[in-house]
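A.B. asks: This is the structure I want to talk about, given as structure tokens.
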Amino acid sequence: MLADADTIAAISTAQGEAGIAIIRMSGPASVSIAEKILKSSSKNNNLNNNFKFKSPRVMSLAVLYLNNAPADYVLSVYFKAPSSFTGEDMVELHTHGGSLIAKLCLEELLKHGARLAEPGEFTKRAFLNNKIDLSQAESVLGIIKARSEEALKSAARVLSGELSNKILEIRDEILNIQGSIEIGLDFPEGEEPLINNFELLEQVNKIILNLNNLIADCKTGFLLREGAGVVIAGRPNVGKSSLLNALLNKRRAIVTDIPGTTRDIIEEAIIIDGVYVRLIDTAGLRETDNIIEADGINLAREALNNADVKLWLMDASKEPDAQDLLYLQKFLDLNLDNCVIVLNKSDLEPKVLNLNLNKDLRIINISAKTGYNLDKLKNLIINLIVKDGSLNSGLNVSSKQLEELKSCENNLAEIKEAVVINAGEVIIADLLNSARLSLERVLGIESSEVLLNSIFSRFCVGK
Ligand SMILES: Nc1nc2c(ncn2[C@@H]2O[C@H](COP(=O)(O)OP(=O)(O)O)[C@@H](O)[C@H]2O)c(=O)[nH]1
Ligand SMILES: [Mg+2]
């Protein structure tokens, strides 16, 4: 437990009218402070109606006193350290909902010695008391902020320790190699190295493979957490705004047969198969003298470059002209991993017959007007969002955590290069250390003690 921790209090439920509101306290004085503002609710106990918690984890009805006057019936419960979320003594008071009663109750607790908790302080204490690691602490935020079911599930997976366990596994593999190399550094004279280059490469490759799988799941989880940006781009008048409206099932963007109608970026969120998707309609790409439209086109290009999924819409009922083909070619010059060519207006007589496109490209015929193949397009979008992982294994992480994992992967790739060019064990040891530290930062471990343990546990007793 944290030394000299004070006792913190906060309203844990949302503001506003509701059935109940929950005020939480954590710290050594939680129980005594709560007992000061509660009286027993028992009717035949008039003489001594002081309230005392009986046993932990049992709800009891009590009367909340504000300024020595009864104010509300509350349910109260306490959790005894270390068996609580924060690892400290905790109390929860369930008052009736309504912002005033909860606020007054909190003020009364503060008057009796509690301190107002800082944002995230309960979770921070849980981390500092080793109840959860940093990645789990972040996943609590992921759960609170989840806007879709899949985002919620991916955060719950992290909270349950799935990410931590996988990271710990990889970290232990790195530690193992690190131990072998660092022992070699200390005893270079004439001793056989504990690990030769061949074994080293083999082990590093194995770690990279595991790490890649983990990163794929984290990328999926990150997209689930942030919402994936799906940009609808193309030449003017191909039906981009019509597609946005059709997918949203409402008339959100103006649709006309006048090219250049959409000038700004129009962004709307939808949930597809439990996944939070940000649909982005853009201005049609063309040369223009109109400065407003030109600005819109710049925004469209920017959105296209940053998109998680890129839809290039074409009018299938119209023979593509030289400009159409030119813009199409520019689109195909992008990284095609997450691109789809969408041939719209399939309800009309088809004209785009042979585009001579690269075989690997995804092409789909749809009609924004009749709704033809829109379900198939939605499926395709989801498959692209979760392409490297799967919805069932997404791990809800922050961009910082994802960056740390990628930097670990870079270090490991550099180790392979260092081995090939015989850069020497000092450099390899350094890279291994950086790789390990990246992983530990995700979990919030900041100690080289683990490394020492790993090294010395290999020595025989007495050495
Ligand atoms: N027949 C047919 N017409 C469509 C379809 N989608 C859009 N249109 C028409 O094409 C014109 C341009 O549509 P709009 O959505 O404004 O295109 P944008 O400029 O790409 O946003 C409008 O007259 C739409 O009614 C479709 O699937 N079938
Ligand atoms: Mg439009």
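Going by the structure tokens order, chains are called A, B, ..., each with residues numbered from 1, while ligands are numbered from 1 in the order shown.
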Check which residues fall inside 10 Å of ligand 1 when counting only C-alpha atoms and all ligand atoms, and print them as a count of residues only.

C.D. replies: 51

A.B. asks: Ranking A:Lys351, A:Lys318, A:Arg252, A:Lys219 by minimum distance to Ser398 in chain A and counting only C-alpha atoms, which one comes first?

C.D. replies: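 Closest to Ser398 in chain A, using only C-alpha atoms: A:Lys219.
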
A.B. asks: Near Ile101 in chain A, within 12 Å and counting only C-alpha atoms, which residues show up once chain neighbours fewer than 6 positions away are dropped, as an NGL selection string?

C.D. replies: :A and (11 or 15-23 or 64-66 or 70-74 or 93-95 or 107-108)

A.B. asks: Quick one: DSSP strand (DSSP E or B) residues in range 136-367 of chain A, as a PyMOL selection string?

C.D. replies: chain A and resi 228-234+266-272+275-281+309-315+339-344+362-365

A.B. asks: Go ahead and write the residues just picked, C-alpha atoms, as an mmCIF file, in the first residue's frame.

C.D. replies:
data_model
loop_
_atom_site.group_PDB
_atom_site.id
_atom_site.type_symbol
_atom_site.label_atom_id
_atom_site.label_comp_id
_atom_site.auth_asym_id
_atom_site.auth_seq_id
_atom_site.Cartn_x
_atom_site.Cartn_y
_atom_site.Cartn_z
ATOM 1 C CA ALA A 228 -11.899 3.967 -38.287
ATOM 2 C CA GLY A 229 -11.947 6.803 -40.847
ATOM 3 C CA VAL A 230 -13.571 5.716 -44.126
ATOM 4 C CA VAL A 231 -13.181 8.309 -46.874
ATOM 5 C CA ILE A 232 -15.447 8.441 -49.903
ATOM 6 C CA ALA A 233 -13.507 10.138 -52.693
ATOM 7 C CA GLY A 234 -13.764 10.407 -56.463
ATOM 8 C CA ILE A 266 -18.748 15.988 -44.151
ATOM 9 C CA GLU A 267 -18.120 13.520 -41.350
ATOM 10 C CA GLU A 268 -20.732 11.290 -39.698
ATOM 11 C CA ALA A 269 -20.357 8.291 -37.404
ATOM 12 C CA ILE A 270 -22.098 4.955 -37.838
ATOM 13 C CA ILE A 271 -21.735 1.605 -36.131
ATOM 14 C CA ILE A 272 -21.219 -1.274 -38.563
ATOM 15 C CA VAL A 275 -17.481 -1.209 -35.045
ATOM 16 C CA TYR A 276 -17.389 2.574 -34.761
ATOM 17 C CA VAL A 277 -16.830 4.012 -38.240
ATOM 18 C CA ARG A 278 -16.354 7.669 -39.219
ATOM 19 C CA LEU A 279 -17.703 8.125 -42.748
ATOM 20 C CA ILE A 280 -16.145 11.070 -44.545
ATOM 21 C CA ASP A 281 -17.705 12.531 -47.698
ATOM 22 C CA VAL A 309 -10.167 2.800 -45.591
ATOM 23 C CA LYS A 310 -10.237 4.600 -48.963
ATOM 24 C CA LEU A 311 -13.220 4.249 -51.277
ATOM 25 C CA TRP A 312 -12.697 5.542 -54.821
ATOM 26 C CA LEU A 313 -16.141 6.024 -56.277
ATOM 27 C CA MET A 314 -16.771 5.923 -60.035
ATOM 28 C CA ASP A 315 -19.870 6.315 -62.136
ATOM 29 C CA CYS A 339 -8.349 0.833 -51.059
ATOM 30 C CA VAL A 340 -11.569 -0.161 -52.808
ATOM 31 C CA ILE A 341 -12.815 0.886 -56.252
ATOM 32 C CA VAL A 342 -16.552 1.334 -55.932
ATOM 33 C CA LEU A 343 -18.513 1.350 -59.193
ATOM 34 C CA ASN A 344 -21.681 3.268 -58.382
ATOM 35 C CA ARG A 362 -10.848 -4.754 -54.636
ATOM 36 C CA ILE A 363 -13.698 -3.672 -56.931
ATOM 37 C CA ILE A 364 -17.374 -3.686 -56.043
ATOM 38 C CA ASN A 365 -20.511 -2.698 -57.973
#

A.B. asks: Could you name the residues that touch Ile33 in chain A at 9 Å or less, counting only C-alpha atoms, but leaving out those on the same chain fewer than 6 positions away, as a VMD selection string?

C.D. replies: chain A and resid 109 to 110 112 to 114

A.B. asks: Mind dumping the selected residues with N, CA and C atoms as a PDB file, in the first residue's frame?

C.D. replies:
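See part-v3.pdb below for the written result:
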ATOM      1  N   LEU A 109     -18.337  14.618   3.115  1.00  0.00           N
ATOM      2  CA  LEU A 109     -17.163  13.745   3.275  1.00  0.00           C
ATOM      3  C   LEU A 109     -15.890  14.590   3.319  1.00  0.00           C
ATOM      4  N   LEU A 110     -15.839  15.621   2.460  1.00  0.00           N
ATOM      5  CA  LEU A 110     -14.646  16.479   2.426  1.00  0.00           C
ATOM      6  C   LEU A 110     -14.505  17.231   3.746  1.00  0.00           C
ATOM      7  N   HIS A 112     -15.319  16.177   6.558  1.00  0.00           N
ATOM      8  CA  HIS A 112     -14.867  15.260   7.606  1.00  0.00           C
ATOM      9  C   HIS A 112     -13.492  14.662   7.333  1.00  0.00           C
ATOM     10  N   GLY A 113     -12.763  15.236   6.385  1.00  0.00           N
ATOM     11  CA  GLY A 113     -11.357  14.830   6.265  1.00  0.00           C
ATOM     12  C   GLY A 113     -10.945  14.191   4.956  1.00  0.00           C
ATOM     13  N   ALA A 114     -11.919  13.917   4.065  1.00  0.00           N
ATOM     14  CA  ALA A 114     -11.500  13.347   2.776  1.00  0.00           C
ATOM     15  C   ALA A 114     -11.013  14.476   1.874  1.00  0.00           C
TER      16      ALA A 114
END

A.B. asks: Find the spatial neighbours of Ala5 in chain A, counting only C-alpha atoms, within a cut-off of 10 Å - ignore same-chain residues fewer than 6 positions away - and output them as a PyMOL selection string.

C.D. replies: chain A and resi 26-29+88+125

A.B. asks: Under the rule that only C-alpha atoms are counted, which of A:Lys416, A:Leu152, A:Lys330, A:Gly424 is the nearest residue to Phe198 in chain A?

C.D. replies: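 Among the listed residues, A:Lys416 lies closest to Phe198 in chain A.
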
A.B. asks: Residues near range 134-144 of chain A, anyone? I mean within 6 Å using only C-alpha atoms, not counting same-chain ones fewer than 3 positions away, as number ranges by chain.

C.D. replies: A: 152, 155, 158-159, 442-444
